[in-house]
>>> print(open('run30.txt').read())   # compact mmCIF, C-alpha atoms
# COMPACT_ATOMS: atom_id res chain seq x y z
CA MET A 1 -50.20 25.99 -39.65
CA LEU A 2 -53.12 27.81 -38.07
CA SER A 3 -52.11 27.52 -34.42
CA THR A 4 -50.91 31.12 -34.26
CA LEU A 5 -53.69 32.33 -36.54
CA ARG A 6 -56.44 31.04 -34.27
CA LYS A 7 -54.96 32.74 -31.20
CA ARG A 8 -54.57 36.18 -32.77
CA LEU A 9 -57.86 35.98 -34.63
CA CYS A 10 -59.86 35.20 -31.52
CA GLN A 11 -58.08 37.90 -29.55
CA SER A 12 -58.77 40.64 -32.03
CA MET A 13 -62.43 39.70 -32.49
CA LEU A 14 -63.06 39.85 -28.76
CA LEU A 15 -63.29 43.61 -28.74
CA LEU A 16 -67.03 43.59 -29.10
CA ALA A 17 -67.70 46.85 -27.32
CA THR A 18 -64.91 49.09 -28.53
CA VAL A 19 -65.62 51.92 -30.93
CA VAL A 20 -64.29 55.10 -32.43
CA PRO A 21 -64.22 57.89 -29.79
CA THR A 22 -67.16 60.07 -30.76
CA PHE A 23 -69.39 60.45 -27.72
CA GLY A 24 -68.60 60.08 -24.02
CA ALA A 25 -65.51 58.32 -22.77
CA GLY A 26 -65.16 54.69 -23.80
CA PHE A 27 -68.29 54.24 -25.89
CA SER A 28 -70.96 56.00 -23.83
CA ILE A 29 -73.62 58.09 -25.55
CA LEU A 30 -74.50 61.02 -23.31
CA GLU A 31 -76.65 62.93 -25.80
CA GLN A 32 -79.95 62.65 -23.91
CA SER A 33 -81.11 66.30 -24.04
CA THR A 34 -80.68 69.07 -26.61
CA ALA A 35 -81.10 71.76 -23.94
CA GLY A 36 -78.58 69.96 -21.76
CA LEU A 37 -76.08 69.73 -24.61
CA GLY A 38 -76.25 73.49 -25.06
CA ARG A 39 -74.55 73.78 -21.65
CA ALA A 40 -72.28 70.69 -22.03
CA LEU A 41 -74.71 68.62 -19.89
CA GLY A 42 -73.87 70.74 -16.84
CA GLY A 43 -76.57 70.49 -14.19
CA MET A 44 -78.52 67.69 -15.88
CA THR A 45 -78.50 65.59 -12.70
CA ALA A 46 -80.35 68.39 -10.86
CA ASP A 47 -82.75 69.65 -13.56
CA ALA A 48 -86.44 68.98 -12.89
CA ASN A 49 -87.50 70.89 -16.01
CA GLU A 50 -85.81 68.65 -18.61
CA PRO A 51 -87.40 65.23 -19.26
CA GLY A 52 -84.04 63.85 -20.46
CA SER A 53 -82.60 64.40 -16.99
CA ILE A 54 -84.20 61.13 -15.79
CA TYR A 55 -81.37 59.34 -17.63
CA PHE A 56 -78.92 60.87 -15.16
CA ASN A 57 -81.22 61.01 -12.11
CA PRO A 58 -84.76 59.54 -11.96
CA ALA A 59 -85.61 61.69 -8.94
CA THR A 60 -85.82 64.83 -11.12
CA ALA A 61 -89.30 63.75 -12.21
CA GLY A 62 -90.48 64.06 -8.60
CA LEU A 63 -90.30 67.86 -8.62
CA ALA A 64 -91.68 68.29 -12.15
CA GLU A 65 -94.75 70.50 -12.10
CA GLN A 66 -96.43 69.33 -15.30
CA ASP A 67 -96.36 66.73 -18.04
CA ARG A 68 -93.46 67.20 -20.43
CA LEU A 69 -92.77 65.21 -23.59
CA THR A 70 -89.49 65.57 -25.51
CA ILE A 71 -88.64 64.11 -28.92
CA GLY A 72 -85.21 64.87 -30.31
CA SER A 73 -82.36 63.77 -32.52
CA HIS A 74 -78.65 64.45 -32.58
CA PHE A 75 -76.54 64.30 -35.74
CA LEU A 76 -72.83 63.62 -35.32
CA ASP A 77 -70.09 64.13 -37.92
CA THR A 78 -66.82 62.53 -36.81
CA GLN A 79 -63.39 62.81 -38.38
CA CYS A 80 -60.92 60.20 -37.09
CA HIS A 81 -57.64 59.28 -38.79
CA PHE A 82 -54.77 56.89 -38.17
CA ASN A 83 -51.33 58.15 -39.25
CA ASP A 84 -48.64 55.48 -39.54
CA ARG A 85 -45.48 56.00 -37.49
CA GLY A 86 -43.16 53.13 -38.35
CA SER A 87 -45.37 50.03 -38.33
CA VAL A 88 -43.48 46.74 -38.64
CA ASN A 89 -44.28 43.88 -41.08
CA VAL A 90 -47.63 45.27 -42.23
CA THR A 91 -48.69 46.56 -45.63
CA GLY A 92 -51.52 48.81 -46.74
CA GLY A 93 -52.77 52.33 -46.18
CA ASN A 94 -53.86 54.40 -43.19
CA GLY A 95 -57.53 53.41 -43.41
CA ASP A 96 -59.00 56.77 -44.55
CA ASN A 97 -61.56 58.44 -42.28
CA MET A 98 -62.71 55.95 -39.64
CA GLY A 99 -65.66 58.09 -38.62
CA GLY A 100 -68.60 59.53 -40.54
CA TRP A 101 -72.19 60.55 -39.83
CA ALA A 102 -74.45 59.07 -37.16
CA ALA A 103 -77.96 59.91 -35.93
CA ILE A 104 -78.97 59.49 -32.26
CA PRO A 105 -82.72 59.83 -31.61
CA ASN A 106 -84.33 59.82 -28.18
CA PHE A 107 -87.70 60.20 -26.47
CA TYR A 108 -88.55 61.17 -22.87
CA TRP A 109 -91.85 61.70 -21.07
CA VAL A 110 -92.37 62.86 -17.47
CA HIS A 111 -95.90 62.56 -16.04
CA PRO A 112 -96.97 63.67 -12.52
CA ILE A 113 -99.50 61.04 -11.43
CA ASN A 114 -100.60 62.98 -8.36
CA ASP A 115 -99.18 65.51 -5.89
CA LYS A 116 -96.57 63.03 -4.64
CA LEU A 117 -95.85 60.48 -7.35
CA SER A 118 -94.45 61.00 -10.87
CA MET A 119 -93.65 58.61 -13.69
CA GLY A 120 -90.88 58.83 -16.26
CA LEU A 121 -90.43 56.95 -19.53
CA GLY A 122 -87.41 57.13 -21.80
CA MET A 123 -86.09 55.48 -24.93
CA SER A 124 -82.63 56.32 -26.19
CA ALA A 125 -79.31 55.05 -27.46
CA THR A 126 -76.87 54.94 -24.54
CA SER A 127 -73.79 53.22 -26.03
CA GLY A 128 -72.41 52.47 -29.45
CA THR A 129 -71.13 53.76 -32.76
CA ALA A 130 -70.02 52.64 -36.20
CA ILE A 131 -66.45 52.55 -37.50
CA SER A 132 -65.26 51.48 -40.93
CA TYR A 133 -61.73 51.25 -42.30
CA ALA A 134 -60.68 50.92 -45.93
CA SER A 135 -60.47 47.24 -46.92
CA THR A 136 -56.71 47.41 -47.62
CA TRP A 137 -55.60 49.33 -44.55
CA LYS A 138 -52.65 48.25 -42.39
CA GLY A 139 -54.80 46.99 -39.51
CA ARG A 140 -57.27 44.93 -41.54
CA TYR A 141 -56.27 41.71 -39.72
CA SER A 142 -57.22 43.33 -36.42
CA SER A 143 -60.42 45.18 -37.38
CA GLN A 144 -62.30 46.32 -40.45
CA ASP A 145 -65.92 47.22 -39.66
CA THR A 146 -67.48 47.67 -36.23
CA GLU A 147 -71.14 48.49 -35.60
CA ILE A 148 -72.54 48.53 -32.08
CA ALA A 149 -75.89 49.93 -30.95
CA VAL A 150 -77.21 49.79 -27.38
CA LEU A 151 -80.82 50.92 -26.94
CA ASP A 152 -82.33 51.59 -23.49
CA LEU A 153 -85.97 51.59 -22.47
CA SER A 154 -86.34 53.01 -18.97
CA ALA A 155 -89.39 53.23 -16.70
CA THR A 156 -89.00 55.24 -13.50
CA LEU A 157 -91.05 56.39 -10.51
CA ALA A 158 -90.25 59.41 -8.35
CA TYR A 159 -91.74 60.29 -4.97
CA LYS A 160 -91.87 63.86 -3.62
CA ILE A 161 -91.14 63.58 0.10
CA ARG A 162 -91.41 67.33 0.58
CA ASP A 163 -91.67 70.30 -1.73
CA ASP A 164 -87.86 70.52 -1.69
CA LEU A 165 -86.96 66.80 -1.74
CA SER A 166 -87.66 63.81 -4.01
CA ILE A 167 -86.30 60.32 -4.54
CA GLY A 168 -86.61 58.09 -7.59
CA ALA A 169 -85.80 54.65 -8.98
CA GLY A 170 -86.45 52.70 -12.13
CA LEU A 171 -85.87 49.64 -14.29
CA ILE A 172 -83.67 49.68 -17.40
CA THR A 173 -84.27 47.21 -20.24
CA GLU A 174 -81.35 47.23 -22.65
CA HIS A 175 -80.91 45.74 -26.12
CA ALA A 176 -77.40 45.46 -27.56
CA ASP A 177 -76.86 44.81 -31.28
CA VAL A 178 -73.37 43.98 -32.59
CA CYS A 179 -71.92 43.52 -36.08
CA LEU A 180 -68.19 43.51 -36.77
CA SER A 181 -65.69 42.03 -39.17
CA GLN A 182 -61.99 41.59 -39.88
CA MET A 183 -59.79 39.93 -42.44
CA ILE A 184 -58.38 36.47 -41.68
CA PRO A 185 -54.63 36.40 -42.51
CA TYR A 186 -54.47 32.95 -44.08
CA SER A 187 -51.91 34.21 -46.62
CA PHE A 188 -49.61 35.47 -43.86
CA MET A 189 -49.81 32.26 -41.85
CA SER A 190 -49.31 30.01 -44.89
CA GLY A 191 -46.51 31.99 -46.50
CA GLY A 192 -48.78 33.11 -49.32
CA TYR A 193 -50.16 29.66 -50.11
CA LEU A 194 -53.72 30.41 -48.99
CA GLN A 195 -55.94 33.39 -49.83
CA ASP A 196 -57.09 35.73 -47.08
CA SER A 197 -60.69 35.48 -45.94
CA GLN A 198 -63.03 37.38 -43.64
CA LEU A 199 -64.68 36.65 -40.31
CA LYS A 200 -67.93 38.41 -39.43
CA LEU A 201 -69.81 38.35 -36.14
CA GLN A 202 -73.40 39.52 -35.85
CA GLY A 203 -75.97 39.18 -33.08
CA ASP A 204 -77.65 40.74 -30.07
CA GLY A 205 -78.66 40.37 -26.46
CA VAL A 206 -81.10 41.76 -23.88
CA ALA A 207 -80.15 42.62 -20.30
CA PHE A 208 -81.60 44.51 -17.34
CA GLY A 209 -80.38 47.07 -14.84
CA PHE A 210 -81.69 49.76 -12.52
CA THR A 211 -81.33 53.44 -11.76
CA ALA A 212 -81.87 55.48 -8.58
CA GLY A 213 -81.38 59.04 -7.36
CA ILE A 214 -82.24 61.95 -5.09
CA LEU A 215 -82.99 65.62 -5.77
CA TYR A 216 -82.82 68.31 -3.07
CA ARG A 217 -83.49 72.06 -3.10
CA PRO A 218 -81.89 73.42 0.09
CA MET A 219 -82.94 77.00 -0.68
CA THR A 220 -84.81 78.95 -3.33
CA GLY A 221 -82.87 78.92 -6.58
CA THR A 222 -80.57 76.00 -5.69
CA SER A 223 -80.97 72.39 -6.88
CA ILE A 224 -78.63 69.49 -6.01
CA GLY A 225 -78.96 66.04 -7.56
CA LEU A 226 -77.27 62.66 -7.20
CA GLY A 227 -77.99 59.79 -9.61
CA TYR A 228 -76.83 56.20 -10.10
CA ARG A 229 -77.08 53.81 -13.06
CA SER A 230 -76.19 50.16 -12.43
CA ARG A 231 -73.77 47.94 -14.29
CA ILE A 232 -75.50 45.90 -17.01
CA ASN A 233 -74.11 42.54 -18.13
CA HIS A 234 -74.98 41.23 -21.60
CA ASP A 235 -74.72 37.66 -22.83
CA LEU A 236 -74.58 38.12 -26.60
CA ASP A 237 -75.85 35.41 -28.93
CA LEU A 238 -73.88 35.74 -32.17
CA GLU A 239 -73.67 34.15 -35.58
CA ALA A 240 -70.10 33.75 -36.79
CA ARG A 241 -69.40 33.50 -40.51
CA VAL A 242 -66.11 32.71 -42.22
CA ARG A 243 -66.48 33.95 -45.78
CA LYS A 244 -64.37 31.18 -47.33
CA SER A 245 -62.74 28.39 -45.38
CA PRO A 246 -59.41 27.13 -46.81
CA PHE A 247 -60.47 23.62 -45.81
CA THR A 248 -63.82 23.45 -47.63
CA GLY A 249 -63.68 26.39 -50.04
CA LYS A 250 -67.16 27.34 -48.80
CA LYS A 251 -68.68 29.78 -46.33
CA VAL A 252 -68.77 28.43 -42.79
CA ARG A 253 -71.51 29.45 -40.31
CA ASP A 254 -71.98 28.58 -36.66
CA ASP A 255 -72.94 30.10 -33.33
CA ALA A 256 -70.73 32.12 -31.04
CA ASP A 257 -71.29 33.91 -27.77
CA ALA A 258 -69.62 36.70 -25.88
CA LYS A 259 -70.07 38.76 -22.76
CA LEU A 260 -70.38 42.53 -22.79
CA HIS A 261 -70.20 44.38 -19.47
CA LEU A 262 -71.45 47.96 -19.50
CA PRO A 263 -70.36 50.11 -16.56
CA SER A 264 -72.19 51.65 -13.65
CA MET A 265 -72.28 55.46 -13.47
CA VAL A 266 -72.58 58.01 -10.67
CA ASN A 267 -73.65 61.59 -11.48
CA PHE A 268 -73.65 64.64 -9.20
CA GLY A 269 -75.08 67.97 -10.37
CA VAL A 270 -75.88 71.47 -9.13
CA ILE A 271 -77.97 74.32 -10.57
CA GLN A 272 -77.80 77.79 -9.03
CA ASP A 273 -79.92 80.79 -9.97
CA VAL A 274 -77.83 83.97 -10.11
CA THR A 275 -80.78 86.19 -11.01
CA THR A 276 -84.31 85.49 -12.16
CA GLN A 277 -82.96 85.27 -15.74
CA TRP A 278 -79.45 83.84 -15.30
CA ARG A 279 -78.43 80.37 -14.06
CA VAL A 280 -75.12 78.53 -13.69
CA MET A 281 -74.71 74.79 -13.36
CA GLY A 282 -72.21 71.95 -13.18
CA ASP A 283 -71.95 68.16 -13.22
CA ILE A 284 -69.34 65.61 -12.15
CA SER A 285 -69.67 62.02 -13.40
CA TRP A 286 -67.80 58.83 -12.54
CA THR A 287 -67.97 55.80 -14.83
CA GLU A 288 -66.86 52.30 -13.83
CA TRP A 289 -64.94 51.48 -17.02
CA SER A 290 -62.62 49.13 -15.09
CA VAL A 291 -65.40 46.59 -15.65
CA MET A 292 -63.87 46.30 -19.13
CA ASP A 293 -60.80 44.52 -17.79
CA GLU A 294 -61.18 41.51 -20.07
CA LEU A 295 -63.34 40.38 -22.97
CA SER A 296 -64.00 36.83 -24.10
CA VAL A 297 -65.68 35.07 -27.01
CA SER A 298 -66.51 31.42 -27.67
CA PHE A 299 -67.03 29.78 -31.08
CA ASP A 300 -69.06 26.65 -31.79
CA ARG A 301 -67.49 23.70 -33.56
CA ARG A 302 -67.64 24.51 -37.29
CA VAL A 303 -66.27 28.04 -37.04
CA ALA A 304 -63.76 26.98 -34.38
CA GLU A 305 -62.41 24.37 -36.81
CA ALA A 306 -62.22 26.94 -39.60
CA LEU A 307 -60.14 29.11 -37.26
CA GLY A 308 -57.81 26.30 -36.27
CA GLY A 309 -59.66 24.46 -33.51
CA THR A 310 -59.63 26.90 -30.59
CA ARG A 311 -63.14 27.39 -29.22
CA SER A 312 -62.52 30.34 -26.88
CA GLN A 313 -60.05 33.06 -26.11
CA SER A 314 -59.81 36.20 -23.97
CA THR A 315 -58.26 39.61 -24.44
CA LYS A 316 -56.99 41.91 -21.72
CA MET A 317 -58.40 45.45 -21.99
CA ASN A 318 -57.07 46.90 -18.72
CA TRP A 319 -59.36 49.95 -18.77
CA LYS A 320 -59.63 52.30 -15.81
CA ASP A 321 -62.50 54.17 -14.18
CA CYS A 322 -62.79 57.73 -15.47
CA TRP A 323 -64.33 61.13 -14.69
CA ARG A 324 -66.21 63.80 -16.59
CA TYR A 325 -66.47 67.46 -15.51
CA ALA A 326 -68.94 69.96 -17.00
CA VAL A 327 -69.89 73.57 -16.31
CA GLY A 328 -72.48 75.65 -18.12
CA THR A 329 -74.75 78.63 -17.99
CA GLU A 330 -78.04 79.78 -19.50
CA TYR A 331 -79.74 83.16 -19.79
CA ASP A 332 -83.38 84.02 -20.50
CA VAL A 333 -83.16 86.87 -23.01
CA ASN A 334 -86.93 87.35 -22.94
CA ALA A 335 -90.11 85.26 -22.75
CA LYS A 336 -89.30 83.65 -26.12
CA TRP A 337 -85.52 83.03 -26.12
CA THR A 338 -83.02 81.30 -23.82
CA LEU A 339 -79.30 81.14 -24.68
CA ARG A 340 -76.79 78.58 -23.35
CA THR A 341 -73.12 77.68 -23.40
CA GLY A 342 -70.85 75.26 -21.58
CA VAL A 343 -67.59 73.32 -21.55
CA ALA A 344 -66.65 69.81 -20.40
CA PHE A 345 -63.61 67.59 -20.01
CA ASP A 346 -64.12 63.87 -20.64
CA GLU A 347 -61.39 61.49 -19.48
CA THR A 348 -60.58 58.36 -21.53
CA PRO A 349 -60.53 54.93 -19.81
CA VAL A 350 -57.58 53.79 -21.97
CA ARG A 351 -54.44 53.73 -19.81
CA ASN A 352 -51.68 54.13 -22.41
CA ALA A 353 -50.64 53.66 -26.06
CA ARG A 354 -50.28 49.89 -25.69
CA ASN A 355 -53.85 49.54 -24.44
CA ARG A 356 -55.14 51.67 -27.32
CA ASN A 357 -56.14 49.53 -30.30
CA THR A 358 -57.65 49.71 -33.78
CA HIS A 359 -61.16 49.08 -32.47
CA LEU A 360 -60.88 51.87 -29.89
CA PRO A 361 -58.36 54.63 -30.60
CA ASP A 362 -59.85 56.46 -27.62
CA GLU A 363 -58.52 59.75 -26.29
CA ASN A 364 -59.29 62.47 -23.74
CA ARG A 365 -61.78 64.96 -25.13
CA PHE A 366 -62.87 68.56 -24.55
CA TRP A 367 -66.42 69.74 -25.30
CA LEU A 368 -67.34 73.28 -26.37
CA CYS A 369 -71.12 73.76 -26.52
CA PHE A 370 -73.69 76.38 -27.54
CA GLY A 371 -77.48 76.24 -27.52
CA ALA A 372 -80.76 78.12 -27.63
CA SER A 373 -84.44 77.58 -26.90
CA TYR A 374 -87.34 79.24 -28.67
CA HIS A 375 -90.81 79.12 -27.08
CA TRP A 376 -93.20 78.95 -30.02
CA THR A 377 -96.18 78.90 -27.70
CA GLU A 378 -96.74 78.62 -23.99
CA ASN A 379 -96.65 74.84 -24.34
CA LEU A 380 -94.29 74.16 -27.26
CA ARG A 381 -90.52 74.74 -27.17
CA LEU A 382 -87.83 74.22 -29.83
CA ASP A 383 -84.29 73.48 -28.62
CA LEU A 384 -81.16 73.71 -30.78
CA ALA A 385 -77.55 72.97 -29.83
CA TYR A 386 -74.12 72.72 -31.41
CA THR A 387 -71.13 70.94 -29.86
CA HIS A 388 -67.55 70.69 -31.09
CA ILE A 389 -65.49 67.93 -29.50
CA PHE A 390 -61.70 68.25 -29.47
CA PHE A 391 -59.64 65.07 -28.99
CA ASP A 392 -56.06 64.75 -27.78
CA SER A 393 -53.76 63.22 -30.41
CA LYS A 394 -52.49 59.94 -28.99
CA ASN A 395 -50.07 57.22 -30.03
CA MET A 396 -51.13 53.62 -30.57
CA HIS A 397 -48.88 50.53 -30.44
CA GLU A 398 -50.77 47.31 -31.16
CA PRO A 399 -49.10 43.91 -31.73
CA MET A 400 -50.54 42.02 -34.70
CA LEU A 401 -50.30 38.58 -36.29
CA ASP A 402 -49.30 36.84 -33.05
CA GLY A 403 -46.51 39.33 -32.38
CA ASN A 404 -44.92 39.02 -35.82
CA ALA A 405 -46.09 42.53 -36.76
CA GLN A 406 -46.61 45.83 -34.96
CA LEU A 407 -49.06 48.60 -35.82
CA ASN A 408 -47.55 51.93 -34.73
CA GLY A 409 -49.22 55.25 -35.35
CA LYS A 410 -50.92 58.36 -34.05
CA VAL A 411 -54.68 58.89 -33.91
CA THR A 412 -56.22 62.32 -34.50
CA ALA A 413 -59.93 63.08 -34.24
CA SER A 414 -62.61 65.75 -33.94
CA ALA A 415 -66.41 65.73 -33.97
CA ASP A 416 -69.28 68.13 -34.60
CA LEU A 417 -72.68 67.46 -33.03
CA TYR A 418 -75.90 69.14 -34.21
CA SER A 419 -78.95 68.65 -31.96
CA MET A 420 -82.64 69.51 -32.24
CA SER A 421 -85.68 68.65 -30.14
CA LEU A 422 -89.28 69.61 -29.48
CA THR A 423 -90.68 69.70 -25.95
CA TYR A 424 -94.42 69.86 -25.31
CA SER A 425 -95.83 70.71 -21.88
CA PHE A 426 -99.41 69.90 -20.92
>>> encode(input="run30.txt", output="structure tokens")
Amino acid sequence: MLSTLRKRLCQSMLLLATVVPTFGAGFSILEQSTAGLGRALGGMTADANEPGSIYFNPATAGLAEQDRLTIGSHFLDTQCHFNDRGSVNVTGGNGDNMGGWAAIPNFYWVHPINDKLSMGLGMSATSGTAISYASTWKGRYSSQDTEIAVLDLSATLAYKIRDDLSIGAGLITEHADVCLSQMIPYSFMSGGYLQDSQLKLQGDGVAFGFTAGILYRPMTGTSIGLGYRSRINHDLDLEARVRKSPFTGKKVRDDADAKLHLPSMVNFGVIQDVTTQWRVMGDISWTEWSVMDELSVSFDRRVAEALGGTRSQSTKMNWKDCWRYAVGTEYDVNAKWTLRTGVAFDETPVRNARNRNTHLPDENRFWLCFGASYHWTENLRLDLAYTHIFFDSKNMHEPMLDGNAQLNGKVTASADLYSMSLTYSF
């Protein structure tokens, strides 16, 4: 009876790293600097004055002239809705708003050790989100709740080769925390004889990667940066729980494991002074999302038996590499105030409507950003930024219940991001 159930259930639960499209393409979190967000992150790869730039290019610390410490937080309000367009053999509603509020804190410190060597430390969320559908929505057998948080701790060193040239590298320690759930369609597979249940996966993993970069100033007022972040591969140790097994009538717990591959990234940025008060900047980023070609999960014996006996399964994601383009500008009004604005286009890694799924209704997005800095004192600066993210409306066609049902609909979304940080120089 459960031979088809076990296949579809394992497939749908494999999507451990897919989330509602609220940040960068796929499930990247690019919000590493409030000042950078004010100009759509244009020029971050070449900015030696922003501590958060070491996320994009560790060499920026090499041309920093003094200690800088930044503490900030970003508050995101996402609206994301599924609108049914002729789904087949599924009942329920549209799932209400899949988004909601999220907070993204970060911390960066750049410290010149001597005339040649500088150190950078950073702690920030770099991937993840939370998505929650109504319990009776049409896609409940595919996904219900998804919570993913990836936290990075980075330690970098930068060396100033000349006054106009620096190189940098560093180690990334990354912790990934995952919690997701879906309904188990026992009633569908048994013709209504058995009651539906729920499967929940929860666990974490630690993995390591590296970052490297170069910063060059070919002439006064011009900065060019190139940065690289490596691929990071996680082996996640999970606990799987079936809320109520039809075989025992009790909750079933056992171990599970999965692999989560996070992509490498290449960033190229330029900052150009137009006058002593006015600067323009841009960034181009490439992200290796094709690493998300396939996902797999394995269940230990007790949960595997509760799901019909299959211990492992894989799901084809078929993502593609994608690009992000950003341009921005900033203007020093006076000694106290700096104003910023910028725009960006962020390409989705999802190839088409059939690769788009309930875990990741991802779309191309357009960023419109505004920001300002206020220098309270010579050493203390307050940064504020606002970003509105527009998403393309895209169709989604996802087979469900081993091909006996089809979820068809259109996904619409938008997001508002409010950012604030304090930077202290000493």
>>> closest_residue(input="run30.txt", among="A:Val88, A:Ala149, A:Ala240, A:Ile284", to="Val297 of chain A", atoms="all atoms listed in the file")
A:Ala240
>>> atom_distance(input="run30.txt", atom1="atom CA of Gly205 of chain A", atom2="atom CA of Asp255 of chain A")
13.6 Å
>>> residues_around(input="run30.txt", residues="segment 161-166 of chain A", least_positions_apart="2", cutoff="12 Å", atoms="only C-alpha atoms", output="VMD selection string")
chain A and resid 46 48 57 to 65 115 to 118 157 to 159 168 to 169 212 to 227
>>> atom_distance(input="run30.txt", atom1="atom CA of Ser143 of chain A", atom2="atom CA of Gln198 of chain A")
10.3 Å
>>> atom_distance(input="run30.txt", atom1="atom CA of Thr78 of chain A", atom2="atom CA of Asn357 of chain A")
18.0 Å
>>> residues_around(input="run30.txt", residues="Thr156 of chain A", least_positions_apart="2", cutoff="6 Å", atoms="only C-alpha atoms", output="MDAnalysis selection string")
chainID A and resid 119:120 169:170
>>> residues_around(input="run30.txt", residues="Lys410 of chain A", least_positions_apart="3", cutoff="8 Å", atoms="all atoms listed in the file", output="PDB file with C-alpha atoms, in the frame of the given file")
ATOM      1  CA  PHE A  82     -54.770  56.890 -38.170  1.00  0.00           C
ATOM      2  CA  ASN A  83     -51.330  58.150 -39.250  1.00  0.00           C
ATOM      3  CA  ASP A  84     -48.640  55.480 -39.540  1.00  0.00           C
ATOM      4  CA  ARG A  85     -45.480  56.000 -37.490  1.00  0.00           C
ATOM      5  CA  SER A 393     -53.760  63.220 -30.410  1.00  0.00           C
ATOM      6  CA  LYS A 394     -52.490  59.940 -28.990  1.00  0.00           C
ATOM      7  CA  ASN A 395     -50.070  57.220 -30.030  1.00  0.00           C
ATOM      8  CA  MET A 396     -51.130  53.620 -30.570  1.00  0.00           C
TER       9      MET A 396
END
>>> closest_residue(input="run30.txt", among="A:Gly203, A:Gly86, A:Gly371, A:Pro246", to="Leu339 of chain A", atoms="all atoms listed in the file")
A:Gly371
>>> residues_around(input="run30.txt", residues="Val291 of chain A", least_positions_apart="5", cutoff="9 Å", atoms="all atoms listed in the file", output="ChimeraX atom specification")
/A:231,261-264,318-321
>>> build_atoms(input="run30.txt", residues="segment 380-395 of chain A", atoms="N, CA and C atoms", output="PDB file, in the coordinates of the input")
ATOM      1  N   LEU A 380     -95.186  74.809 -26.306  1.00  0.00           N
ATOM      2  CA  LEU A 380     -94.290  74.160 -27.260  1.00  0.00           C
ATOM      3  C   LEU A 380     -92.960  74.907 -27.331  1.00  0.00           C
ATOM      4  N   ARG A 381     -91.855  74.151 -27.183  1.00  0.00           N
ATOM      5  CA  ARG A 381     -90.520  74.740 -27.170  1.00  0.00           C
ATOM      6  C   ARG A 381     -89.616  74.011 -28.149  1.00  0.00           C
ATOM      7  N   LEU A 382     -88.848  74.758 -28.918  1.00  0.00           N
ATOM      8  CA  LEU A 382     -87.830  74.220 -29.830  1.00  0.00           C
ATOM      9  C   LEU A 382     -86.458  74.447 -29.219  1.00  0.00           C
ATOM     10  N   ASP A 383     -85.660  73.383 -29.132  1.00  0.00           N
ATOM     11  CA  ASP A 383     -84.290  73.480 -28.620  1.00  0.00           C
ATOM     12  C   ASP A 383     -83.303  73.150 -29.739  1.00  0.00           C
ATOM     13  N   LEU A 384     -82.239  73.930 -29.830  1.00  0.00           N
ATOM     14  CA  LEU A 384     -81.160  73.710 -30.780  1.00  0.00           C
ATOM     15  C   LEU A 384     -79.834  73.763 -30.031  1.00  0.00           C
ATOM     16  N   ALA A 385     -78.863  72.959 -30.469  1.00  0.00           N
ATOM     17  CA  ALA A 385     -77.550  72.970 -29.830  1.00  0.00           C
ATOM     18  C   ALA A 385     -76.478  72.556 -30.824  1.00  0.00           C
ATOM     19  N   TYR A 386     -75.300  73.102 -30.615  1.00  0.00           N
ATOM     20  CA  TYR A 386     -74.120  72.720 -31.410  1.00  0.00           C
ATOM     21  C   TYR A 386     -72.967  72.436 -30.449  1.00  0.00           C
ATOM     22  N   THR A 387     -72.273  71.328 -30.687  1.00  0.00           N
ATOM     23  CA  THR A 387     -71.130  70.940 -29.860  1.00  0.00           C
ATOM     24  C   THR A 387     -69.948  70.599 -30.762  1.00  0.00           C
ATOM     25  N   HIS A 388     -68.790  71.136 -30.440  1.00  0.00           N
ATOM     26  CA  HIS A 388     -67.550  70.690 -31.090  1.00  0.00           C
ATOM     27  C   HIS A 388     -66.726  69.951 -30.048  1.00  0.00           C
ATOM     28  N   ILE A 389     -66.275  68.755 -30.407  1.00  0.00           N
ATOM     29  CA  ILE A 389     -65.490  67.930 -29.500  1.00  0.00           C
ATOM     30  C   ILE A 389     -64.061  67.861 -30.000  1.00  0.00           C
ATOM     31  N   PHE A 390     -63.129  68.326 -29.171  1.00  0.00           N
ATOM     32  CA  PHE A 390     -61.700  68.250 -29.470  1.00  0.00           C
ATOM     33  C   PHE A 390     -61.124  67.000 -28.811  1.00  0.00           C
ATOM     34  N   PHE A 391     -60.286  66.260 -29.532  1.00  0.00           N
ATOM     35  CA  PHE A 391     -59.640  65.070 -28.990  1.00  0.00           C
ATOM     36  C   PHE A 391     -58.132  65.289 -28.915  1.00  0.00           C
ATOM     37  N   ASP A 392     -57.518  64.791 -27.833  1.00  0.00           N
ATOM     38  CA  ASP A 392     -56.060  64.750 -27.780  1.00  0.00           C
ATOM     39  C   ASP A 392     -55.558  63.809 -28.874  1.00  0.00           C
ATOM     40  N   SER A 393     -54.417  64.141 -29.477  1.00  0.00           N
ATOM     41  CA  SER A 393     -53.760  63.220 -30.410  1.00  0.00           C
ATOM     42  C   SER A 393     -52.921  62.242 -29.596  1.00  0.00           C
ATOM     43  N   LYS A 394     -53.163  60.957 -29.793  1.00  0.00           N
ATOM     44  CA  LYS A 394     -52.490  59.940 -28.990  1.00  0.00           C
ATOM     45  C   LYS A 394     -51.843  58.876 -29.863  1.00  0.00           C
ATOM     46  N   ASN A 395     -50.745  58.310 -29.338  1.00  0.00           N
ATOM     47  CA  ASN A 395     -50.070  57.220 -30.030  1.00  0.00           C
ATOM     48  C   ASN A 395     -50.785  55.898 -29.769  1.00  0.00           C
TER      49      ASN A 395
END
